[in-house]
file upload-v4.cif (mmCIF, C-alpha atoms and all ligand atoms)
data_start
#
loop_
_atom_site.group_PDB
_atom_site.id
_atom_site.type_symbol
_atom_site.label_atom_id
_atom_site.label_comp_id
_atom_site.auth_asym_id
_atom_site.auth_seq_id
_atom_site.Cartn_x
_atom_site.Cartn_y
_atom_site.Cartn_z
ATOM 1 C CA MET A 1 0.000 0.000 0.000
ATOM 2 C CA ALA A 2 2.784 2.441 0.942
ATOM 3 C CA GLU A 3 4.589 1.643 -2.305
ATOM 4 C CA GLN A 4 1.362 2.108 -4.318
ATOM 5 C CA GLU A 5 0.724 5.448 -2.691
ATOM 6 C CA GLU A 6 4.151 6.578 -3.845
ATOM 7 C CA THR A 7 3.810 5.281 -7.403
ATOM 8 C CA ASN A 8 0.145 6.187 -7.908
ATOM 9 C CA PRO A 9 -1.086 8.662 -5.291
ATOM 10 C CA TRP A 10 -4.225 9.322 -7.379
ATOM 11 C CA GLY A 11 -5.058 5.616 -7.236
ATOM 12 C CA SER A 12 -5.179 5.633 -3.457
ATOM 13 C CA LYS A 13 -7.006 8.965 -3.421
ATOM 14 C CA SER A 14 -9.626 7.628 -5.842
ATOM 15 C CA TRP A 15 -10.035 4.445 -3.818
ATOM 16 C CA SER A 16 -10.474 6.472 -0.661
ATOM 17 C CA TYR A 17 -13.319 8.476 -2.268
ATOM 18 C CA LEU A 18 -15.025 5.370 -3.656
ATOM 19 C CA SER A 19 -14.773 3.351 -0.450
ATOM 20 C CA SER A 20 -16.009 6.301 1.651
ATOM 21 C CA LEU A 21 -18.909 6.726 -0.759
ATOM 22 C CA ARG A 22 -19.849 3.075 -0.262
ATOM 23 C CA GLN A 23 -19.637 3.434 3.529
ATOM 24 C CA GLN A 24 -21.407 6.789 3.877
ATOM 25 C CA SER A 25 -23.949 6.537 1.040
ATOM 26 C CA PRO A 26 -24.609 10.293 0.838
ATOM 27 C CA LEU A 27 -27.993 11.575 -0.318
ATOM 28 C CA ILE A 28 -27.637 13.363 -3.670
ATOM 29 C CA GLN A 29 -30.486 15.554 -4.923
ATOM 30 C CA CYS A 30 -30.598 15.477 -8.712
ATOM 31 C CA ILE A 31 -32.490 18.101 -10.672
ATOM 32 C CA THR A 32 -31.633 16.749 -14.063
ATOM 33 C CA ASN A 33 -32.815 16.331 -17.620
ATOM 34 C CA LEU A 34 -35.458 13.829 -18.650
ATOM 35 C CA VAL A 35 -33.005 11.765 -20.740
ATOM 36 C CA SER A 36 -30.546 11.209 -17.913
ATOM 37 C CA MET A 37 -32.665 10.397 -14.863
ATOM 38 C CA ASP A 38 -32.473 6.623 -15.092
ATOM 39 C CA LEU A 39 -28.750 6.408 -15.908
ATOM 40 C CA ILE A 40 -27.842 8.917 -13.194
ATOM 41 C CA ALA A 41 -29.889 7.145 -10.513
ATOM 42 C CA ASN A 42 -28.394 3.775 -11.456
ATOM 43 C CA THR A 43 -24.843 5.150 -11.641
ATOM 44 C CA LEU A 44 -25.156 6.711 -8.190
ATOM 45 C CA LEU A 45 -26.660 3.567 -6.684
ATOM 46 C CA ALA A 46 -23.953 1.359 -8.203
ATOM 47 C CA ALA A 47 -21.267 3.667 -6.821
ATOM 48 C CA GLY A 48 -22.797 3.543 -3.330
ATOM 49 C CA ALA A 49 -24.654 6.885 -3.143
ATOM 50 C CA SER A 50 -28.365 7.491 -2.621
ATOM 51 C CA PRO A 51 -29.960 9.457 -5.482
ATOM 52 C CA ALA A 52 -33.245 11.384 -5.291
ATOM 53 C CA MET A 53 -34.776 12.990 -8.374
ATOM 54 C CA ILE A 54 -36.739 15.666 -6.511
ATOM 55 C CA HIS A 55 -37.228 18.810 -8.530
ATOM 56 C CA SER A 56 -40.447 20.552 -7.497
ATOM 57 C CA ILE A 57 -39.810 24.023 -6.095
ATOM 58 C CA LEU A 58 -42.428 23.206 -3.444
ATOM 59 C CA GLU A 59 -40.248 20.443 -1.983
ATOM 60 C CA ILE A 60 -36.875 22.197 -1.945
ATOM 61 C CA PRO A 61 -37.189 23.978 1.443
ATOM 62 C CA ASP A 62 -37.986 20.663 3.188
ATOM 63 C CA PHE A 63 -35.745 18.327 1.237
ATOM 64 C CA THR A 64 -32.573 20.114 0.104
ATOM 65 C CA PRO A 65 -31.232 20.841 3.638
ATOM 66 C CA HIS A 66 -31.075 17.055 4.238
ATOM 67 C CA THR A 67 -28.981 16.273 1.165
ATOM 68 C CA GLN A 68 -25.200 15.969 1.138
ATOM 69 C CA SER A 69 -24.884 17.473 -2.327
ATOM 70 C CA VAL A 70 -27.029 18.793 -5.183
ATOM 71 C CA LEU A 71 -26.691 18.161 -8.922
ATOM 72 C CA ILE A 72 -28.245 20.630 -11.367
ATOM 73 C CA ASN A 73 -28.320 19.682 -15.059
ATOM 74 C CA VAL A 74 -30.057 21.915 -17.626
ATOM 75 C CA GLY A 75 -30.287 19.337 -20.445
ATOM 76 C CA THR A 76 -34.073 19.630 -20.938
ATOM 77 C CA LEU A 77 -34.524 23.043 -19.364
ATOM 78 C CA THR A 78 -37.877 24.844 -19.469
ATOM 79 C CA PRO A 79 -38.825 28.170 -17.860
ATOM 80 C CA GLU A 80 -40.826 26.267 -15.235
ATOM 81 C CA TRP A 81 -37.791 24.317 -13.970
ATOM 82 C CA LEU A 82 -35.328 27.160 -13.674
ATOM 83 C CA PRO A 83 -36.725 28.693 -10.440
ATOM 84 C CA ALA A 84 -36.469 25.287 -8.741
ATOM 85 C CA MET A 85 -32.845 24.980 -9.830
ATOM 86 C CA LYS A 86 -32.036 28.419 -8.461
ATOM 87 C CA ALA A 87 -33.883 27.701 -5.229
ATOM 88 C CA ALA A 88 -32.006 24.416 -4.723
ATOM 89 C CA ALA A 89 -28.653 26.095 -5.382
ATOM 90 C CA GLY A 90 -29.576 28.836 -2.918
ATOM 91 C CA VAL A 91 -30.583 26.361 -0.184
ATOM 92 C CA ALA A 92 -27.427 24.327 -0.805
ATOM 93 C CA ASN A 93 -25.368 27.476 -0.281
ATOM 94 C CA GLN A 94 -27.346 28.463 2.802
ATOM 95 C CA PHE A 95 -26.766 25.054 4.412
ATOM 96 C CA GLY A 96 -23.131 24.765 3.324
ATOM 97 C CA LYS A 97 -23.728 21.871 0.904
ATOM 98 C CA PRO A 98 -21.751 21.542 -2.320
ATOM 99 C CA TRP A 99 -23.625 21.770 -5.598
ATOM 100 C CA VAL A 100 -22.523 20.816 -9.103
ATOM 101 C CA LEU A 101 -23.665 22.277 -12.440
ATOM 102 C CA ASP A 102 -23.890 20.338 -15.716
ATOM 103 C CA PRO A 103 -24.463 22.966 -18.452
ATOM 104 C CA ALA A 104 -25.771 20.355 -20.921
ATOM 105 C CA ALA A 105 -26.183 21.811 -24.432
ATOM 106 C CA VAL A 106 -25.637 25.337 -23.073
ATOM 107 C CA GLY A 107 -24.697 26.596 -26.551
ATOM 108 C CA ALA A 108 -28.087 25.610 -27.982
ATOM 109 C CA SER A 109 -29.923 28.853 -27.175
ATOM 110 C CA GLY A 110 -29.751 32.235 -25.536
ATOM 111 C CA PHE A 111 -32.313 31.094 -22.959
ATOM 112 C CA ARG A 112 -30.116 28.201 -21.851
ATOM 113 C CA LEU A 113 -26.946 30.286 -21.816
ATOM 114 C CA LYS A 114 -28.565 33.038 -19.721
ATOM 115 C CA ALA A 115 -29.922 30.436 -17.307
ATOM 116 C CA CYS A 116 -26.489 28.848 -16.874
ATOM 117 C CA LEU A 117 -24.790 32.208 -16.354
ATOM 118 C CA GLU A 118 -27.389 33.044 -13.681
ATOM 119 C CA LEU A 119 -26.807 29.661 -12.026
ATOM 120 C CA ILE A 120 -23.061 30.282 -12.026
ATOM 121 C CA GLU A 121 -23.741 33.494 -10.065
ATOM 122 C CA LEU A 122 -25.020 31.117 -7.353
ATOM 123 C CA LYS A 123 -21.522 29.700 -6.917
ATOM 124 C CA PRO A 124 -21.453 26.056 -7.976
ATOM 125 C CA THR A 125 -18.689 24.004 -6.378
ATOM 126 C CA VAL A 126 -17.947 22.284 -9.710
ATOM 127 C CA ILE A 127 -18.996 22.911 -13.325
ATOM 128 C CA ARG A 128 -18.609 19.859 -15.632
ATOM 129 C CA GLY A 129 -19.200 20.083 -19.353
ATOM 130 C CA ASN A 130 -17.841 18.818 -22.630
ATOM 131 C CA GLY A 131 -15.377 20.975 -24.601
ATOM 132 C CA SER A 132 -17.998 22.961 -26.519
ATOM 133 C CA GLU A 133 -20.083 23.592 -23.388
ATOM 134 C CA ILE A 134 -17.117 24.980 -21.452
ATOM 135 C CA ILE A 135 -16.155 27.216 -24.392
ATOM 136 C CA SER A 136 -19.749 28.518 -24.657
ATOM 137 C CA LEU A 137 -19.873 29.337 -20.947
ATOM 138 C CA SER A 138 -16.480 30.950 -20.835
ATOM 139 C CA MET A 139 -17.159 33.122 -23.893
ATOM 140 C CA ALA A 140 -20.839 33.647 -22.941
ATOM 141 C CA SER A 141 -21.819 32.828 -26.510
ATOM 142 C CA ILE A 142 -24.039 30.271 -28.175
ATOM 143 C CA GLY A 143 -23.470 28.017 -31.189
ATOM 144 C CA SER A 144 -20.203 26.327 -30.227
ATOM 145 C CA GLY A 145 -21.634 22.794 -29.814
ATOM 146 C CA LYS A 146 -23.941 20.395 -31.651
ATOM 147 C CA GLY A 147 -26.861 20.182 -29.242
ATOM 148 C CA ALA A 148 -25.717 18.013 -26.336
ATOM 149 C CA ASP A 149 -22.642 16.794 -28.227
ATOM 150 C CA SER A 150 -19.261 18.483 -28.409
ATOM 151 C CA LEU A 151 -17.591 19.789 -31.563
ATOM 152 C CA HIS A 152 -14.344 20.299 -29.653
ATOM 153 C CA GLU A 153 -11.632 18.195 -28.077
ATOM 154 C CA SER A 154 -11.424 18.644 -24.322
ATOM 155 C CA SER A 155 -7.923 20.126 -24.758
ATOM 156 C CA ASP A 156 -9.396 22.883 -27.022
ATOM 157 C CA ALA A 157 -11.329 24.126 -23.976
ATOM 158 C CA LEU A 158 -8.491 24.189 -21.467
ATOM 159 C CA GLU A 159 -7.827 27.933 -21.525
ATOM 160 C CA ALA A 160 -11.590 28.606 -21.469
ATOM 161 C CA ALA A 161 -11.878 26.317 -18.437
ATOM 162 C CA LYS A 162 -9.094 28.098 -16.562
ATOM 163 C CA SER A 163 -10.660 31.463 -17.245
ATOM 164 C CA LEU A 164 -14.117 30.207 -16.176
ATOM 165 C CA ALA A 165 -12.654 28.741 -12.986
ATOM 166 C CA LYS A 166 -11.028 32.069 -12.137
ATOM 167 C CA SER A 167 -14.121 34.150 -12.871
ATOM 168 C CA SER A 168 -16.597 31.810 -11.138
ATOM 169 C CA GLY A 169 -14.554 30.400 -8.259
ATOM 170 C CA ALA A 170 -15.720 26.907 -9.285
ATOM 171 C CA ILE A 171 -13.641 23.877 -10.112
ATOM 172 C CA VAL A 172 -14.114 23.437 -13.872
ATOM 173 C CA ALA A 173 -14.093 19.967 -15.414
ATOM 174 C CA ILE A 174 -14.008 19.167 -19.154
ATOM 175 C CA SER A 175 -14.844 15.653 -20.320
ATOM 176 C CA GLY A 176 -13.393 14.060 -23.450
ATOM 177 C CA SER A 177 -10.556 11.771 -24.512
ATOM 178 C CA VAL A 178 -8.667 13.265 -21.569
ATOM 179 C CA ASP A 179 -10.871 14.640 -18.799
ATOM 180 C CA PHE A 180 -9.345 17.867 -17.484
ATOM 181 C CA VAL A 181 -9.915 19.451 -14.075
ATOM 182 C CA THR A 182 -8.775 22.949 -13.143
ATOM 183 C CA ASP A 183 -9.165 25.463 -10.350
ATOM 184 C CA GLY A 184 -7.738 28.178 -12.608
ATOM 185 C CA GLN A 185 -4.145 27.437 -11.584
ATOM 186 C CA ARG A 186 -3.675 23.687 -11.252
ATOM 187 C CA VAL A 187 -4.628 21.357 -14.117
ATOM 188 C CA VAL A 188 -4.839 17.572 -13.993
ATOM 189 C CA GLY A 189 -5.959 15.160 -16.694
ATOM 190 C CA ALA A 190 -7.785 11.874 -16.073
ATOM 191 C CA HIS A 191 -6.929 9.384 -18.820
ATOM 192 C CA ASN A 192 -9.344 6.546 -18.107
ATOM 193 C CA GLY A 193 -12.350 5.868 -20.327
ATOM 194 C CA LEU A 194 -12.955 4.951 -23.953
ATOM 195 C CA PRO A 195 -14.557 6.605 -27.014
ATOM 196 C CA MET A 196 -17.563 4.232 -26.984
ATOM 197 C CA MET A 197 -18.752 6.009 -23.819
ATOM 198 C CA GLN A 198 -19.821 8.940 -26.026
ATOM 199 C CA LYS A 199 -22.329 6.589 -27.653
ATOM 200 C CA ILE A 200 -24.249 6.154 -24.392
ATOM 201 C CA THR A 201 -26.682 9.025 -24.014
ATOM 202 C CA ALA A 202 -26.286 10.794 -20.684
ATOM 203 C CA SER A 203 -22.868 9.303 -19.927
ATOM 204 C CA GLY A 204 -21.620 12.874 -19.449
ATOM 205 C CA CYS A 205 -24.580 13.596 -17.164
ATOM 206 C CA ALA A 206 -23.765 10.419 -15.225
ATOM 207 C CA VAL A 207 -20.133 11.368 -14.649
ATOM 208 C CA THR A 208 -21.274 14.799 -13.419
ATOM 209 C CA ALA A 209 -23.565 13.025 -10.945
ATOM 210 C CA LEU A 210 -20.652 10.882 -9.779
ATOM 211 C CA ILE A 211 -18.635 14.073 -9.295
ATOM 212 C CA ALA A 212 -21.475 15.429 -7.116
ATOM 213 C CA ALA A 213 -21.302 12.239 -5.033
ATOM 214 C CA PHE A 214 -17.500 12.337 -4.647
ATOM 215 C CA VAL A 215 -17.648 16.028 -3.731
ATOM 216 C CA ALA A 216 -20.197 15.175 -1.023
ATOM 217 C CA ILE A 217 -17.517 13.003 0.622
ATOM 218 C CA ASN A 218 -15.061 15.886 0.934
ATOM 219 C CA PRO A 219 -16.470 19.262 -0.151
ATOM 220 C CA THR A 220 -13.276 21.088 0.789
ATOM 221 C CA HIS A 221 -11.273 19.030 -1.739
ATOM 222 C CA ALA A 222 -13.525 19.352 -4.790
ATOM 223 C CA PHE A 223 -10.552 19.394 -7.195
ATOM 224 C CA GLU A 224 -9.333 15.967 -6.037
ATOM 225 C CA ALA A 225 -12.880 14.587 -5.797
ATOM 226 C CA THR A 226 -13.656 15.651 -9.371
ATOM 227 C CA ALA A 227 -10.520 14.130 -10.895
ATOM 228 C CA SER A 228 -11.080 10.909 -8.945
ATOM 229 C CA ALA A 229 -14.714 10.645 -10.066
ATOM 230 C CA PHE A 230 -13.684 11.079 -13.710
ATOM 231 C CA SER A 231 -11.118 8.297 -13.465
ATOM 232 C CA VAL A 232 -13.323 5.886 -11.532
ATOM 233 C CA PHE A 233 -16.146 6.326 -14.083
ATOM 234 C CA GLY A 234 -13.727 5.901 -17.001
ATOM 235 C CA LEU A 235 -12.207 2.820 -15.403
ATOM 236 C CA ALA A 236 -15.659 1.282 -14.969
ATOM 237 C CA GLY A 237 -16.179 1.899 -18.687
ATOM 238 C CA GLU A 238 -12.852 0.266 -19.602
ATOM 239 C CA ILE A 239 -13.644 -2.842 -17.559
ATOM 240 C CA GLY A 240 -17.245 -2.922 -18.783
ATOM 241 C CA MET A 241 -16.068 -2.823 -22.402
ATOM 242 C CA GLY A 242 -14.363 -6.177 -21.845
ATOM 243 C CA LEU A 243 -17.830 -7.750 -21.727
ATOM 244 C CA ALA A 244 -19.784 -5.376 -23.967
ATOM 245 C CA LYS A 245 -20.795 -5.751 -27.618
ATOM 246 C CA GLY A 246 -21.798 -2.120 -28.208
ATOM 247 C CA PRO A 247 -23.209 0.968 -26.464
ATOM 248 C CA ALA A 248 -26.296 -0.703 -24.970
ATOM 249 C CA SER A 249 -24.411 -3.535 -23.301
ATOM 250 C CA LEU A 250 -21.586 -1.145 -22.347
ATOM 251 C CA ARG A 251 -24.159 0.897 -20.420
ATOM 252 C CA MET A 252 -25.111 -2.197 -18.451
ATOM 253 C CA HIS A 253 -21.556 -3.486 -17.936
ATOM 254 C CA LEU A 254 -20.265 -0.028 -16.956
ATOM 255 C CA ILE A 255 -22.803 0.070 -14.119
ATOM 256 C CA ASP A 256 -21.944 -3.492 -13.062
ATOM 257 C CA SER A 257 -18.220 -2.698 -13.171
ATOM 258 C CA LEU A 258 -18.659 0.451 -11.119
ATOM 259 C CA TYR A 259 -20.504 -1.583 -8.504
ATOM 260 C CA ALA A 260 -17.769 -4.244 -8.444
ATOM 261 C CA LEU A 261 -14.642 -2.043 -8.618
ATOM 262 C CA ASP A 262 -12.091 -3.273 -6.080
ATOM 263 C CA GLN A 263 -9.152 -1.651 -4.370
ATOM 264 C CA GLU A 264 -6.429 -3.362 -6.367
ATOM 265 C CA THR A 265 -7.960 -2.390 -9.715
ATOM 266 C CA VAL A 266 -8.421 1.223 -8.653
ATOM 267 C CA LEU A 267 -4.891 1.458 -7.219
ATOM 268 C CA HIS A 268 -3.306 0.023 -10.351
ATOM 269 C CA ARG A 269 -5.456 1.420 -13.151
ATOM 270 C CA VAL A 270 -6.501 4.955 -12.203
ATOM 271 C CA LYS A 271 -4.449 7.254 -14.417
ATOM 272 C CA ILE A 272 -4.379 10.945 -13.512
ATOM 273 C CA THR A 273 -1.466 13.203 -14.429
ATOM 274 C CA SER A 274 -0.590 16.818 -13.787
ATOM 275 C CA PHE A 275 -0.640 19.349 -16.664
ATOM 276 C CA SER A 276 0.316 22.458 -14.705
HETATM 277 N N1 LIG B 301 -12.579 9.967 -26.768
HETATM 278 C C1 LIG B 301 -12.818 9.538 -25.523
HETATM 279 N N2 LIG B 301 -11.980 8.664 -24.937
HETATM 280 C C2 LIG B 301 -12.217 8.227 -23.698
HETATM 281 N N3 LIG B 301 -13.296 8.581 -22.940
HETATM 282 C C3 LIG B 301 -14.160 9.469 -23.470
HETATM 283 C C4 LIG B 301 -13.974 9.988 -24.781
HETATM 284 N N4 LIG B 301 -14.976 10.855 -25.031
HETATM 285 C C5 LIG B 301 -15.755 10.874 -23.935
HETATM 286 N N5 LIG B 301 -15.275 10.033 -22.999
HETATM 287 C C6 LIG B 301 -15.866 9.776 -21.685
HETATM 288 O O1 LIG B 301 -17.273 9.696 -21.850
HETATM 289 C C7 LIG B 301 -17.950 10.323 -20.779
HETATM 290 C C8 LIG B 301 -18.896 11.383 -21.324
HETATM 291 O O2 LIG B 301 -18.100 12.443 -21.810
HETATM 292 P P1 LIG B 301 -18.591 13.391 -22.981
HETATM 293 O O3 LIG B 301 -19.079 12.581 -24.130
HETATM 294 O O4 LIG B 301 -17.481 14.345 -23.247
HETATM 295 O O5 LIG B 301 -19.753 14.182 -22.247
HETATM 296 P P2 LIG B 301 -21.117 14.733 -22.809
HETATM 297 O O6 LIG B 301 -21.975 13.509 -22.893
HETATM 298 O O7 LIG B 301 -21.605 15.690 -21.788
HETATM 299 O O8 LIG B 301 -20.823 15.348 -24.139
HETATM 300 C C9 LIG B 301 -16.874 10.868 -19.842
HETATM 301 O O9 LIG B 301 -16.698 9.951 -18.779
HETATM 302 C C10 LIG B 301 -15.632 10.927 -20.724
HETATM 303 O O10 LIG B 301 -14.455 10.708 -20.001
HETATM 304 C C1 LIG B 302 -29.661 13.975 -25.792
HETATM 305 C C2 LIG B 302 -29.996 15.044 -24.831
HETATM 306 N N1 LIG B 302 -30.758 16.092 -25.199
HETATM 307 C C3 LIG B 302 -30.958 16.967 -24.230
HETATM 308 S S1 LIG B 302 -30.204 16.519 -22.790
HETATM 309 C C4 LIG B 302 -29.583 15.107 -23.504
HETATM 310 C C5 LIG B 302 -28.737 14.165 -22.783
HETATM 311 C C6 LIG B 302 -27.339 14.601 -22.894
HETATM 312 O O1 LIG B 302 -26.523 13.816 -22.097
HETATM 313 P P1 LIG B 302 -24.951 13.919 -22.198
HETATM 314 O O2 LIG B 302 -24.603 15.368 -22.097
HETATM 315 O O3 LIG B 302 -24.485 13.177 -21.024
HETATM 316 O O4 LIG B 302 -24.573 13.301 -23.506
HETATM 317 MG MG MG B 303 -23.387 16.751 -21.409
#
call {"tool": "encode", "arguments": {"input": "upload-v4.cif", "output": "structure tokens"}}
result
Amino acid sequence: MAEQEETNPWGSKSWSYLSSLRQQSPLIQCITNLVSMDLIANTLLAAGASPAMIHSILEIPDFTPHTQSVLINVGTLTPEWLPAMKAAAGVANQFGKPWVLDPAAVGASGFRLKACLELIELKPTVIRGNGSEIISLSMASIGSGKGADSLHESSDALEAAKSLAKSSGAIVAISGSVDFVTDGQRVVGAHNGLPMMQKITASGCAVTALIAAFVAINPTHAFEATASAFSVFGLAGEIGMGLAKGPASLRMHLIDSLYALDQETVLHRVKITSFS
């Protein structure tokens, strides 16, 4: 163990987050898009967390104070949902809970962009998007993506991510072939995962939910929690692909692999490197 910690400190960090998640099973409130609800709930359950898709504004004052973290994802945003998202972010802040923003398809419209910029004013702990989403947010402009899909490599969005992290105070996370995490100064890249994961709808939403769960374990170390969540999710995909025949069976085997991940595999196969 001591030797592993020296050779792969991120492996032991990631294992520590995952094993604590399994022991503590934090309650994660998810206000998320209609496409992603099932995959997010199953991802969180397989990882050891307790998901609750509770999004009515009428329930937020009673429910949100009892959560350990809140996920807000704007993938199927309508004007009716936005006040609930803002209320949940506000209650999370009031009660000192971390909250995580997924700006899904933020470049699709001015309405969505304005909503995300207003949510960012409410100080998310982490913002996780694909390359195009992070570029849209950082430049406050629409049209950079292709709906929910990215037209950019994650590395194309690195400077945009640093600038967004500095202006917002959030940890900014970009998914892609390498998943980058930055606080505006430090940058690490998580190298686990495989391209087939892009063919599972809501896989990005699911990794954001896992980030929300890891951040719940240690809100004061959101940078480390985010990088670890990226690698653990990617590793589950890599192992799942060994049994999968395509995207549909990968979805199933990724969830099974996340549930079954053991210490040795995490210690040896998590790959996170520094870029700063
Ligand atoms: N080319 C790739 N190689 C390895 N993993 C990838 C690749 N593209 C995406 N992923 C993984 O797929 C998941 C979803 O990422 P992405 O497709 O970028 O998000 P979104 O669905 O929000 O566009 C992440 O866990 C990411 O690491
Ligand atoms: C297809 C789609 N359309 C609106 S939200 C959504 C899901 C997007 O999920 P992800 O960003 O994880 O690919
Ligand atoms: Mg997305």
call {"tool": "axis_aligned_box", "arguments": {"input": "upload-v4.cif", "around": "ligand LIG 301 (chain B)", "padding_each_side": "3 Å", "output": "AutoDock Vina command-line options"}}
result
--center_x -17.0 --center_y 12.0 --center_z -22.8 --size_x 16.0 --size_y 13.5 --size_z 14.0
call {"tool": "resolve_selection", "arguments": {"input": "upload-v4.cif", "expression": "the PyMOL selection byres (((not hetatm)) within 12 of (chain B and resi 302))", "output": "MDAnalysis selection string"}}
result
chainID A and resid 32:40 73:78 101:108 112 128:133 145:150 174:176 196:209
call {"tool": "closest_residue", "arguments": {"input": "upload-v4.cif", "among": "A:Ser25, A:Ile127, A:Ala49, A:Ser19", "to": "ligand MG 303 (chain B)", "atoms": "only C-alpha atoms and all ligand atoms"}}
result
A:Ile127
call {"tool": "closest_residue", "arguments": {"input": "upload-v4.cif", "among": "A:Lys13, A:His221, A:His191, A:Lys114", "to": "A:Val126", "atoms": "only C-alpha atoms"}}
result
A:His221
call {"tool": "residues_around", "arguments": {"input": "upload-v4.cif", "residues": "A:Ile57", "least_positions_apart": "4", "cutoff": "10 Å", "atoms": "all atoms listed in the file", "output": "PyMOL selection string"}}
result
chain A and resi 61+80-88
call {"tool": "resolve_selection", "arguments": {"input": "upload-v4.cif", "expression": "the PyMOL selection byres (((chain A and resi 222) around 10) and not hetatm)", "output": "PDB file with C-alpha atoms, in the coordinates of the input"}}
result
ATOM      1  CA  PRO A  98     -21.751  21.542  -2.320  1.00  0.00           C
ATOM      2  CA  THR A 125     -18.689  24.004  -6.378  1.00  0.00           C
ATOM      3  CA  VAL A 126     -17.947  22.284  -9.710  1.00  0.00           C
ATOM      4  CA  ALA A 170     -15.720  26.907  -9.285  1.00  0.00           C
ATOM      5  CA  ILE A 171     -13.641  23.877 -10.112  1.00  0.00           C
ATOM      6  CA  VAL A 172     -14.114  23.437 -13.872  1.00  0.00           C
ATOM      7  CA  VAL A 181      -9.915  19.451 -14.075  1.00  0.00           C
ATOM      8  CA  ASP A 183      -9.165  25.463 -10.350  1.00  0.00           C
ATOM      9  CA  ILE A 211     -18.635  14.073  -9.295  1.00  0.00           C
ATOM     10  CA  ALA A 212     -21.475  15.429  -7.116  1.00  0.00           C
ATOM     11  CA  PHE A 214     -17.500  12.337  -4.647  1.00  0.00           C
ATOM     12  CA  VAL A 215     -17.648  16.028  -3.731  1.00  0.00           C
ATOM     13  CA  ALA A 216     -20.197  15.175  -1.023  1.00  0.00           C
ATOM     14  CA  ILE A 217     -17.517  13.003   0.622  1.00  0.00           C
ATOM     15  CA  ASN A 218     -15.061  15.886   0.934  1.00  0.00           C
ATOM     16  CA  PRO A 219     -16.470  19.262  -0.151  1.00  0.00           C
ATOM     17  CA  THR A 220     -13.276  21.088   0.789  1.00  0.00           C
ATOM     18  CA  HIS A 221     -11.273  19.030  -1.739  1.00  0.00           C
ATOM     19  CA  PHE A 223     -10.552  19.394  -7.195  1.00  0.00           C
ATOM     20  CA  GLU A 224      -9.333  15.967  -6.037  1.00  0.00           C
ATOM     21  CA  ALA A 225     -12.880  14.587  -5.797  1.00  0.00           C
ATOM     22  CA  THR A 226     -13.656  15.651  -9.371  1.00  0.00           C
ATOM     23  CA  ALA A 227     -10.520  14.130 -10.895  1.00  0.00           C
ATOM     24  CA  SER A 228     -11.080  10.909  -8.945  1.00  0.00           C
TER      25      SER A 228
END
call {"tool": "closest_residue", "arguments": {"input": "upload-v4.cif", "among": "A:Ala89, A:Ile31, A:Ala52, A:Ile142", "to": "A:Ile72", "atoms": "only C-alpha atoms"}}
result
A:Ile31
call {"tool": "atom_distance", "arguments": {"input": "upload-v4.cif", "atom1": "atom CA of A:Val188", "atom2": "atom CA of A:Asn93"}}
result
26.6 Å
call {"tool": "atom_distance", "arguments": {"input": "upload-v4.cif", "atom1": "atom CA of A:Pro247", "atom2": "atom CA of A:Asn42"}}
result
16.1 Å
call {"tool": "resolve_selection", "arguments": {"input": "upload-v4.cif", "expression": "the PyMOL selection byres (((chain A and resi 271) around 10) and not hetatm)", "output": "number ranges by chain"}}
result
A: 8-11, 189-193, 227-228, 231-232, 234-235, 266-270, 272-273
call {"tool": "write_last_selection", "arguments": {"input": "upload-v4.cif", "atoms": "C-alpha atoms", "output": "compact mmCIF listing (two decimals), in the coordinates of the input"}}
result
# COMPACT_ATOMS: atom_id res chain seq x y z
CA ASN A 8 0.14 6.19 -7.91
CA PRO A 9 -1.09 8.66 -5.29
CA TRP A 10 -4.22 9.32 -7.38
CA GLY A 11 -5.06 5.62 -7.24
CA GLY A 189 -5.96 15.16 -16.69
CA ALA A 190 -7.78 11.87 -16.07
CA HIS A 191 -6.93 9.38 -18.82
CA ASN A 192 -9.34 6.55 -18.11
CA GLY A 193 -12.35 5.87 -20.33
CA ALA A 227 -10.52 14.13 -10.90
CA SER A 228 -11.08 10.91 -8.94
CA SER A 231 -11.12 8.30 -13.46
CA VAL A 232 -13.32 5.89 -11.53
CA GLY A 234 -13.73 5.90 -17.00
CA LEU A 235 -12.21 2.82 -15.40
CA VAL A 266 -8.42 1.22 -8.65
CA LEU A 267 -4.89 1.46 -7.22
CA HIS A 268 -3.31 0.02 -10.35
CA ARG A 269 -5.46 1.42 -13.15
CA VAL A 270 -6.50 4.96 -12.20
CA ILE A 272 -4.38 10.94 -13.51
CA THR A 273 -1.47 13.20 -14.43
call {"tool": "closest_residue", "arguments": {"input": "upload-v4.cif", "among": "A:Leu119, A:Ala157, A:Ala165, A:Val91", "to": "ligand LIG 301 (chain B)", "atoms": "all atoms listed in the file"}}
result
A:Ala157
call {"tool": "closest_residue", "arguments": {"input": "upload-v4.cif", "among": "A:Ala92, A:Ala229, A:Leu164, A:Leu44", "to": "A:Pro26", "atoms": "only C-alpha atoms"}}
result
A:Leu44
call {"tool": "closest_residue", "arguments": {"input": "upload-v4.cif", "among": "A:Ile134, A:Ile239, A:Leu113, A:Ala244", "to": "A:Tyr259", "atoms": "only C-alpha atoms"}}
result
A:Ile239
call {"tool": "residues_near_point", "arguments": {"input": "upload-v4.cif", "point": "(-9.0, 19.2, -27.1)", "cutoff": "9 Å", "atoms": "all atoms listed in the file", "output": "PyMOL selection string"}}
result
chain A and resi 131+152-158+176-178
call {"tool": "residues_around", "arguments": {"input": "upload-v4.cif", "residues": "A:Val187", "least_positions_apart": "2", "cutoff": "6 Å", "atoms": "all atoms listed in the file", "output": "PDB file with C-alpha atoms, in the frame of the given file"}}
result
ATOM      1  CA  VAL A 181      -9.915  19.451 -14.075  1.00  0.00           C
ATOM      2  CA  THR A 182      -8.775  22.949 -13.143  1.00  0.00           C
ATOM      3  CA  PHE A 275      -0.640  19.349 -16.664  1.00  0.00           C
ATOM      4  CA  SER A 276       0.316  22.458 -14.705  1.00  0.00           C
TER       5      SER A 276
END
